[in-house]
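Peer 1: My structure is stored as model31.pdb, with PDB, C-alpha atoms, pLDDT in the B column.
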```
ATOM      1  CA  MET A   1      -5.618 -12.454  -4.316  1.00 38.00           C
ATOM      2  CA  ALA A   2      -5.802 -13.105  -8.041  1.00 37.00           C
ATOM      3  CA  ALA A   3      -6.159 -10.759 -10.961  1.00 38.00           C
ATOM      4  CA  ALA A   4      -6.170 -11.079 -14.712  1.00 36.00           C
ATOM      5  CA  HIS A   5      -2.855 -10.461 -16.414  1.00 35.00           C
ATOM      6  CA  CYS A   6      -2.177  -7.198 -18.200  1.00 35.00           C
ATOM      7  CA  ARG A   7      -2.439  -7.326 -21.984  1.00 35.00           C
ATOM      8  CA  THR A   8      -1.917  -4.824 -24.744  1.00 33.00           C
ATOM      9  CA  ALA A   9      -5.263  -3.635 -26.026  1.00 38.00           C
ATOM     10  CA  VAL A  10      -6.337  -1.732 -29.104  1.00 37.00           C
ATOM     11  CA  SER A  11      -8.432   1.348 -28.456  1.00 37.00           C
ATOM     12  CA  PRO A  12     -11.346   2.368 -30.718  1.00 43.00           C
ATOM     13  CA  THR A  13      -8.937   4.742 -32.471  1.00 42.00           C
ATOM     14  CA  SER A  14      -6.607   1.787 -33.224  1.00 40.00           C
ATOM     15  CA  GLU A  15      -3.940   3.057 -30.811  1.00 41.00           C
ATOM     16  CA  ARG A  16      -2.166   0.450 -28.716  1.00 38.00           C
ATOM     17  CA  THR A  17      -2.679   1.011 -25.003  1.00 44.00           C
ATOM     18  CA  LEU A  18      -1.602  -0.940 -21.956  1.00 47.00           C
ATOM     19  CA  ALA A  19      -4.322  -2.624 -19.964  1.00 51.00           C
ATOM     20  CA  PRO A  20      -4.149  -2.027 -16.218  1.00 58.00           C
ATOM     21  CA  PRO A  21      -1.466  -4.033 -14.456  1.00 69.00           C
ATOM     22  CA  SER A  22      -2.411  -7.097 -12.481  1.00 88.00           C
ATOM     23  CA  VAL A  23      -1.977  -6.927  -8.717  1.00 93.00           C
ATOM     24  CA  ARG A  24      -0.985  -9.991  -6.711  1.00 94.00           C
ATOM     25  CA  VAL A  25       0.680 -11.055  -3.486  1.00 95.00           C
ATOM     26  CA  ALA A  26       4.462 -11.189  -3.849  1.00 95.00           C
ATOM     27  CA  HIS A  27       6.430 -14.421  -3.501  1.00 93.00           C
ATOM     28  CA  ALA A  28       9.947 -14.993  -2.162  1.00 93.00           C
ATOM     29  CA  ALA A  29      11.031 -15.308  -5.813  1.00 94.00           C
ATOM     30  CA  ASP A  30      10.050 -11.639  -6.270  1.00 95.00           C
ATOM     31  CA  ALA A  31      12.646 -10.429  -3.741  1.00 95.00           C
ATOM     32  CA  ALA A  32      15.232  -9.379  -6.359  1.00 95.00           C
ATOM     33  CA  GLY A  33      12.546  -7.561  -8.341  1.00 95.00           C
ATOM     34  CA  LEU A  34      11.239  -5.822  -5.217  1.00 96.00           C
ATOM     35  CA  TYR A  35      14.755  -4.671  -4.387  1.00 96.00           C
ATOM     36  CA  ALA A  36      15.408  -3.473  -7.971  1.00 95.00           C
ATOM     37  CA  LEU A  37      12.090  -1.601  -8.045  1.00 94.00           C
ATOM     38  CA  SER A  38      12.689   0.017  -4.639  1.00 94.00           C
ATOM     39  CA  GLU A  39      16.401   0.767  -5.000  1.00 94.00           C
ATOM     40  CA  PRO A  40      16.047   4.105  -6.900  1.00 93.00           C
ATOM     41  CA  PHE A  41      13.641   5.303  -4.188  1.00 91.00           C
ATOM     42  CA  MET A  42      16.052   4.198  -1.460  1.00 92.00           C
ATOM     43  CA  ARG A  43      18.904   6.067  -3.187  1.00 91.00           C
ATOM     44  CA  SER A  44      16.791   9.236  -3.366  1.00 89.00           C
ATOM     45  CA  GLY A  45      15.880   8.968   0.333  1.00 84.00           C
ATOM     46  CA  ALA A  46      12.155   8.498  -0.358  1.00 86.00           C
ATOM     47  CA  LEU A  47      12.335   4.963   1.080  1.00 87.00           C
ATOM     48  CA  LEU A  48      14.357   3.666   3.990  1.00 87.00           C
ATOM     49  CA  TRP A  49      17.253   1.458   2.975  1.00 90.00           C
ATOM     50  CA  ARG A  50      16.528  -2.285   2.985  1.00 92.00           C
ATOM     51  CA  THR A  51      18.793  -5.112   1.902  1.00 92.00           C
ATOM     52  CA  PRO A  52      17.913  -7.726  -0.711  1.00 93.00           C
ATOM     53  CA  GLU A  53      17.759 -10.211   2.173  1.00 93.00           C
ATOM     54  CA  THR A  54      15.107  -8.092   3.906  1.00 94.00           C
ATOM     55  CA  TYR A  55      12.956  -8.255   0.784  1.00 94.00           C
ATOM     56  CA  ALA A  56      13.428 -12.038   0.655  1.00 94.00           C
ATOM     57  CA  THR A  57      12.249 -12.504   4.255  1.00 94.00           C
ATOM     58  CA  THR A  58       9.321 -10.063   4.008  1.00 94.00           C
ATOM     59  CA  ALA A  59       8.154 -10.682   0.423  1.00 94.00           C
ATOM     60  CA  ARG A  60       4.766 -12.062   1.551  1.00 93.00           C
ATOM     61  CA  GLU A  61       3.933  -8.671   3.133  1.00 94.00           C
ATOM     62  CA  PHE A  62       3.990  -7.110  -0.366  1.00 97.00           C
ATOM     63  CA  LEU A  63       1.476  -6.668  -3.109  1.00 96.00           C
ATOM     64  CA  VAL A  64       2.983  -6.108  -6.543  1.00 95.00           C
ATOM     65  CA  ALA A  65       1.625  -4.693  -9.785  1.00 92.00           C
ATOM     66  CA  GLU A  66       3.096  -6.279 -12.871  1.00 90.00           C
ATOM     67  CA  ASP A  67       2.703  -5.769 -16.585  1.00 85.00           C
ATOM     68  CA  GLY A  68       1.774  -8.470 -19.098  1.00 83.00           C
ATOM     69  CA  GLU A  69       5.434  -9.500 -19.364  1.00 84.00           C
ATOM     70  CA  GLY A  70       5.729 -10.029 -15.591  1.00 85.00           C
ATOM     71  CA  VAL A  71       7.801  -6.861 -15.009  1.00 85.00           C
ATOM     72  CA  LEU A  72       7.097  -5.297 -11.623  1.00 90.00           C
ATOM     73  CA  GLU A  73       5.636  -1.820 -12.033  1.00 90.00           C
ATOM     74  CA  GLY A  74       4.956  -1.052  -8.377  1.00 93.00           C
ATOM     75  CA  CYS A  75       4.769  -2.474  -4.893  1.00 95.00           C
ATOM     76  CA  VAL A  76       3.399  -1.783  -1.437  1.00 96.00           C
ATOM     77  CA  ALA A  77       3.656  -3.706   1.831  1.00 96.00           C
ATOM     78  CA  LEU A  78       1.292  -4.102   4.778  1.00 96.00           C
ATOM     79  CA  ARG A  79       2.465  -5.014   8.270  1.00 94.00           C
ATOM     80  CA  ALA A  80      -0.117  -5.639  10.996  1.00 92.00           C
ATOM     81  CA  TYR A  81       0.513  -4.870  14.676  1.00 91.00           C
ATOM     82  CA  PRO A  82      -1.974  -7.167  16.455  1.00 86.00           C
ATOM     83  CA  GLY A  83      -0.584  -6.564  19.957  1.00 77.00           C
ATOM     84  CA  ASP A  84      -0.997  -2.773  19.859  1.00 73.00           C
ATOM     85  CA  ALA A  85      -3.725  -1.654  22.257  1.00 61.00           C
ATOM     86  CA  ARG A  86      -4.197   1.806  20.687  1.00 65.00           C
ATOM     87  CA  ALA A  87      -6.647   0.645  18.022  1.00 57.00           C
ATOM     88  CA  PRO A  88     -10.271   1.224  19.081  1.00 63.00           C
ATOM     89  CA  VAL A  89     -11.554  -1.364  16.572  1.00 72.00           C
ATOM     90  CA  GLY A  90      -9.634  -4.017  14.665  1.00 81.00           C
ATOM     91  CA  VAL A  91      -5.915  -4.525  14.289  1.00 89.00           C
ATOM     92  CA  PRO A  92      -3.751  -1.506  13.376  1.00 93.00           C
ATOM     93  CA  ALA A  93      -1.441  -1.874  10.389  1.00 94.00           C
ATOM     94  CA  VAL A  94       1.192   0.118   8.548  1.00 95.00           C
ATOM     95  CA  LEU A  95       1.529   0.538   4.813  1.00 95.00           C
ATOM     96  CA  HIS A  96       5.176   0.859   3.762  1.00 94.00           C
ATOM     97  CA  ASN A  97       7.590   0.610   0.830  1.00 95.00           C
ATOM     98  CA  PHE A  98       5.006   2.085  -1.561  1.00 94.00           C
ATOM     99  CA  CYS A  99       6.612   2.847  -4.911  1.00 92.00           C
ATOM    100  CA  VAL A 100       5.831   2.840  -8.622  1.00 90.00           C
ATOM    101  CA  ARG A 101       8.437   2.449 -11.352  1.00 88.00           C
ATOM    102  CA  SER A 102       9.496   5.636 -13.139  1.00 80.00           C
ATOM    103  CA  GLY A 103       7.566   5.916 -16.402  1.00 74.00           C
ATOM    104  CA  ARG A 104       4.505   4.170 -14.926  1.00 70.00           C
ATOM    105  CA  GLN A 105       3.680   6.842 -12.366  1.00 72.00           C
ATOM    106  CA  ARG A 106       0.433   8.797 -12.736  1.00 73.00           C
ATOM    107  CA  ARG A 107      -1.118   5.969 -14.772  1.00 74.00           C
ATOM    108  CA  GLY A 108      -3.217   4.367 -12.034  1.00 76.00           C
ATOM    109  CA  VAL A 109      -0.681   1.781 -10.867  1.00 87.00           C
ATOM    110  CA  GLY A 110      -0.386   3.320  -7.395  1.00 87.00           C
ATOM    111  CA  SER A 111      -4.153   3.710  -7.053  1.00 89.00           C
ATOM    112  CA  ARG A 112      -4.686   0.045  -7.942  1.00 92.00           C
ATOM    113  CA  LEU A 113      -2.046  -1.008  -5.413  1.00 93.00           C
ATOM    114  CA  LEU A 114      -3.581   1.126  -2.659  1.00 93.00           C
ATOM    115  CA  ALA A 115      -7.100  -0.169  -3.398  1.00 93.00           C
ATOM    116  CA  ALA A 116      -5.875  -3.779  -3.323  1.00 95.00           C
ATOM    117  CA  LEU A 117      -3.958  -3.153  -0.099  1.00 94.00           C
ATOM    118  CA  LEU A 118      -7.035  -1.674   1.586  1.00 95.00           C
ATOM    119  CA  ARG A 119      -9.120  -4.697   0.553  1.00 94.00           C
ATOM    120  CA  GLU A 120      -6.421  -7.036   1.855  1.00 93.00           C
ATOM    121  CA  ALA A 121      -6.264  -5.080   5.130  1.00 94.00           C
ATOM    122  CA  ALA A 122     -10.043  -5.247   5.585  1.00 92.00           C
ATOM    123  CA  ALA A 123      -9.975  -9.003   4.915  1.00 91.00           C
ATOM    124  CA  ARG A 124      -7.353  -9.348   7.663  1.00 90.00           C
ATOM    125  CA  SER A 125      -9.541  -7.480  10.227  1.00 89.00           C
ATOM    126  CA  VAL A 126      -7.394  -4.358  10.133  1.00 92.00           C
ATOM    127  CA  GLY A 127      -9.281  -1.437  11.649  1.00 92.00           C
ATOM    128  CA  GLU A 128      -6.913   1.356  10.634  1.00 93.00           C
ATOM    129  CA  VAL A 129      -4.003   1.658   8.203  1.00 95.00           C
ATOM    130  CA  PHE A 130      -1.170   4.134   8.802  1.00 95.00           C
ATOM    131  CA  ALA A 131       1.466   5.441   6.393  1.00 94.00           C
ATOM    132  CA  ALA A 132       4.310   7.938   6.493  1.00 93.00           C
ATOM    133  CA  THR A 133       5.691   9.895   3.574  1.00 91.00           C
ATOM    134  CA  THR A 134       8.298  12.559   2.999  1.00 85.00           C
ATOM    135  CA  GLY A 135       6.242  13.626  -0.038  1.00 82.00           C
ATOM    136  CA  GLY A 136       2.967  15.472  -0.234  1.00 83.00           C
ATOM    137  CA  GLY A 137       0.706  12.509   0.454  1.00 87.00           C
ATOM    138  CA  GLU A 138      -1.725  13.235  -2.398  1.00 88.00           C
ATOM    139  CA  ALA A 139      -2.105   9.541  -3.295  1.00 87.00           C
ATOM    140  CA  PHE A 140      -3.044   8.775   0.291  1.00 91.00           C
ATOM    141  CA  VAL A 141      -5.571  11.612   0.482  1.00 93.00           C
ATOM    142  CA  ARG A 142      -7.191  10.458  -2.799  1.00 90.00           C
ATOM    143  CA  SER A 143      -7.558   7.005  -1.198  1.00 90.00           C
ATOM    144  CA  GLY A 144      -9.352   8.299   1.888  1.00 92.00           C
ATOM    145  CA  PHE A 145      -6.387   8.780   4.239  1.00 94.00           C
ATOM    146  CA  ARG A 146      -6.224  11.809   6.502  1.00 95.00           C
ATOM    147  CA  GLU A 147      -3.148  13.399   8.045  1.00 95.00           C
ATOM    148  CA  THR A 148      -2.802  12.465  11.702  1.00 93.00           C
ATOM    149  CA  ASP A 149      -0.418  12.423  14.630  1.00 90.00           C
ATOM    150  CA  ALA A 150       2.135   9.595  14.895  1.00 90.00           C
ATOM    151  CA  GLY A 151       0.982   9.126  18.494  1.00 87.00           C
ATOM    152  CA  ARG A 152      -2.137   7.355  17.181  1.00 87.00           C
ATOM    153  CA  ALA A 153      -0.107   4.821  15.188  1.00 90.00           C
ATOM    154  CA  PRO A 154       1.238   1.474  16.427  1.00 91.00           C
ATOM    155  CA  ARG A 155       3.912   2.242  19.026  1.00 90.00           C
ATOM    156  CA  ALA A 156       6.668   0.039  17.569  1.00 90.00           C
ATOM    157  CA  TRP A 157       6.325   1.770  14.203  1.00 92.00           C
ATOM    158  CA  ALA A 158       5.808   5.300  15.548  1.00 91.00           C
ATOM    159  CA  VAL A 159       9.006   5.214  17.618  1.00 90.00           C
ATOM    160  CA  SER A 160      10.956   4.026  14.569  1.00 89.00           C
ATOM    161  CA  LEU A 161      10.089   7.166  12.569  1.00 89.00           C
ATOM    162  CA  ASP A 162      13.132   9.408  12.119  1.00 85.00           C
ATOM    163  CA  PRO A 163      12.099  12.988  12.988  1.00 85.00           C
ATOM    164  CA  GLY A 164      14.939  14.261  10.784  1.00 84.00           C
ATOM    165  CA  ARG A 165      13.176  12.933   7.676  1.00 84.00           C
ATOM    166  CA  GLY A 166      10.204  15.248   8.186  1.00 83.00           C
ATOM    167  CA  SER A 167       7.673  12.532   7.406  1.00 88.00           C
ATOM    168  CA  ARG A 168       3.967  13.240   7.463  1.00 91.00           C
ATOM    169  CA  VAL A 169       1.750  10.516   8.959  1.00 94.00           C
ATOM    170  CA  PHE A 170      -1.579   9.544   7.405  1.00 95.00           C
ATOM    171  CA  ALA A 171      -4.297   7.148   8.560  1.00 94.00           C
ATOM    172  CA  ARG A 172      -7.319   5.496   6.982  1.00 94.00           C
ATOM    173  CA  SER A 173     -10.049   3.856   9.043  1.00 93.00           C
ATOM    174  CA  LEU A 174     -11.492   0.690   7.537  1.00 91.00           C
ATOM    175  CA  THR A 175     -14.492   0.599   9.849  1.00 79.00           C
ATOM    176  CA  ALA A 176     -17.567   2.791   9.751  1.00 58.00           C
ATOM    177  CA  GLN A 177     -18.208   4.903  12.789  1.00 47.00           C
ATOM    178  CA  PRO A 178     -21.310   3.737  14.680  1.00 43.00           C
ATOM    179  CA  THR A 179     -24.378   5.932  14.332  1.00 42.00           C
ATOM    180  CA  ALA A 180     -26.983   6.523  17.010  1.00 42.00           C
ATOM    181  CA  GLY A 181     -28.605   3.179  17.773  1.00 41.00           C
ATOM    182  CA  ALA A 182     -26.158   1.246  15.604  1.00 39.00           C
ATOM    183  CA  GLY A 183     -24.449  -1.842  16.857  1.00 39.00           C
ATOM    184  CA  ALA A 184     -20.988  -3.029  15.884  1.00 37.00           C
ATOM    185  CA  THR A 185     -18.987  -1.242  13.231  1.00 35.00           C
ATOM    186  CA  ARG A 186     -19.157  -2.523   9.670  1.00 37.00           C
ATOM    187  CA  PRO A 187     -16.596  -2.519   6.867  1.00 37.00           C
ATOM    188  CA  ARG A 188     -16.767   0.584   4.710  1.00 33.00           C
ATOM    189  CA  PRO A 189     -18.639   0.067   1.428  1.00 35.00           C
ATOM    190  CA  ASP A 190     -16.182   2.221  -0.549  1.00 34.00           C
ATOM    191  CA  LEU A 191     -13.594  -0.567  -0.855  1.00 29.00           C
ATOM    192  CA  ARG A 192     -14.015  -1.561  -4.493  1.00 28.00           C
ATOM    193  CA  VAL A 193     -12.850  -4.674  -6.288  1.00 28.00           C
ATOM    194  CA  TRP A 194     -10.089  -3.975  -8.765  1.00 29.00           C
TER     195      TRP A 194
END
```
Show the structure stored in the file as structure tokens.

Peer 2:
Amino acid sequence: MAAAHCRTAVSPTSERTLAPPSVRVAHAADAAGLYALSEPFMRSGALLWRTPETYATTAREFLVAEDGEGVLEGCVALRAYPGDARAPVGVPAVLHNFCVRSGRQRRGVGSRLLAALLREAAARSVGEVFAATTGGGEAFVRSGFRETDAGRAPRAWAVSLDPGRGSRVFARSLTAQPTAGAGATRPRPDLRVW
């Protein structure tokens, strides 16, 4: 997954603006940056605590948004559960560790990460993506997720949810529902290139 690097641009009114961040697959070398980006969210309780070593071993599950200087602005991870029989079509997957650096929130970084993650999931034959949040879930709803019951999610992930956190579970199908006379399901056309 490649994207052009972020550059400072000049608007028609001669104001300097930041171009959208680039989104790419994380590398093991990004582990320290992933930890540093996530650590404030772990301290606040918005994210579950993970060690720097965990980020090093799971870095390839992450997509990162970075600015033109290579500073990580946000991240999100996707973990597939191919052995889970609950999925009617495709492999179920879970989106996790979704965060955007303070000061870059509400500037499209999260939306770009979610769009890239959904494209990556579709390319990996994922039929449905699940997520849990202790927040309101507005970013998920804007990206086509709907609130659902954890019982529909991959079992290994669903049983790991801590009921004391009060998380809400969301899901997004990546396959179109068959219509009368239609054959196999097709990928949804609303997954746009970033």

Peer 1: Show me, as a VMD selection string, the residues that have an atom within 10 Å of stretch 134-151 of chain A when counting only C-alpha atoms, minus same-chain residues fewer than 2 positions from it.

Peer 2: chain A and resid 45 to 47 86 106 110 to 111 114 to 115 118 128 to 132 153 to 155 157 to 159 161 165 to 174 190 to 191

Peer 1: Identify all residues satisfying the PyMOL selection byres ((chain A and resi 90) around 6) in the given file; provide them as a ChimeraX atom specification.

Peer 2: /A:89,91,125-127

Peer 1: Enumerate, as a PyMOL selection string, the protein, DNA and RNA residues whose atoms approach (-4.3, -4.1, 1.8) to within 10 Å, taking into account all atoms listed in the file and the coordinate frame of the file.

Peer 2: chain A and resi 61-63+76-79+93-95+113-124+126+129

Peer 1: Name every residue that the PyMOL selection byres ((chain A and resi 53-57) around 8) selects in this structure, writing the answer as a list of chain:residue names with chains first and numbers rising.

Peer 2: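 With the shown file as input, the PyMOL selection byres ((chain A and resi 53-57) around 8) matches A:Ala28, A:Ala29, A:Asp30, A:Ala31, A:Ala32, A:Leu34, A:Tyr35, A:Arg50, A:Thr51, A:Pro52, A:Thr58, A:Ala59, A:Arg60.
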
Peer 1: Which residue, A:Cys99, A:Ala65, A:Val109, A:Ala156, has the smallest gap to A:Ser38 when you use only C-alpha atoms?

Peer 2: A:Cys99

Peer 1: What does the structure give for the distance between atom CA of A:Arg43 and atom CA of A:Gly70, in Å to one decimal?

Peer 2: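 Interatomic distance here is 24.2 Å.
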
Peer 1: Take atom CA of A:His96 and atom CA of A:Gly83 and report the distance between them in Å, one decimal.

Peer 2: 18.7 Å

Peer 1: Can you report as AutoDock Vina command-line options the centre and edge lengths in Å, to one decimal, of an axis-aligned box around the listed atoms of stretch 56-65 of chain A padded with 5 Å on each side?

Peer 2:
```
--center_x 7.5 --center_y -8.6 --center_z -2.8 --size_x 22.0 --size_y 17.8 --size_z 24.0
```

Peer 1: Go through A:Ser160, A:Thr175, A:Ser102, A:Thr133 one by one, measure the shortest atom-to-atom distance of each to A:Gly74 using only C-alpha atoms, and give the residue with the smallest value.

Peer 2: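 Among A:Ser160, A:Thr175, A:Ser102, A:Thr133, it is A:Ser102 that comes nearest to A:Gly74.
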
Peer 1: Separation of atom CA of A:Val71 and atom CA of A:His27, in Å?

Peer 2: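 Going from atom CA of A:Val71 over to atom CA of A:His27, I get 13.8 Å.
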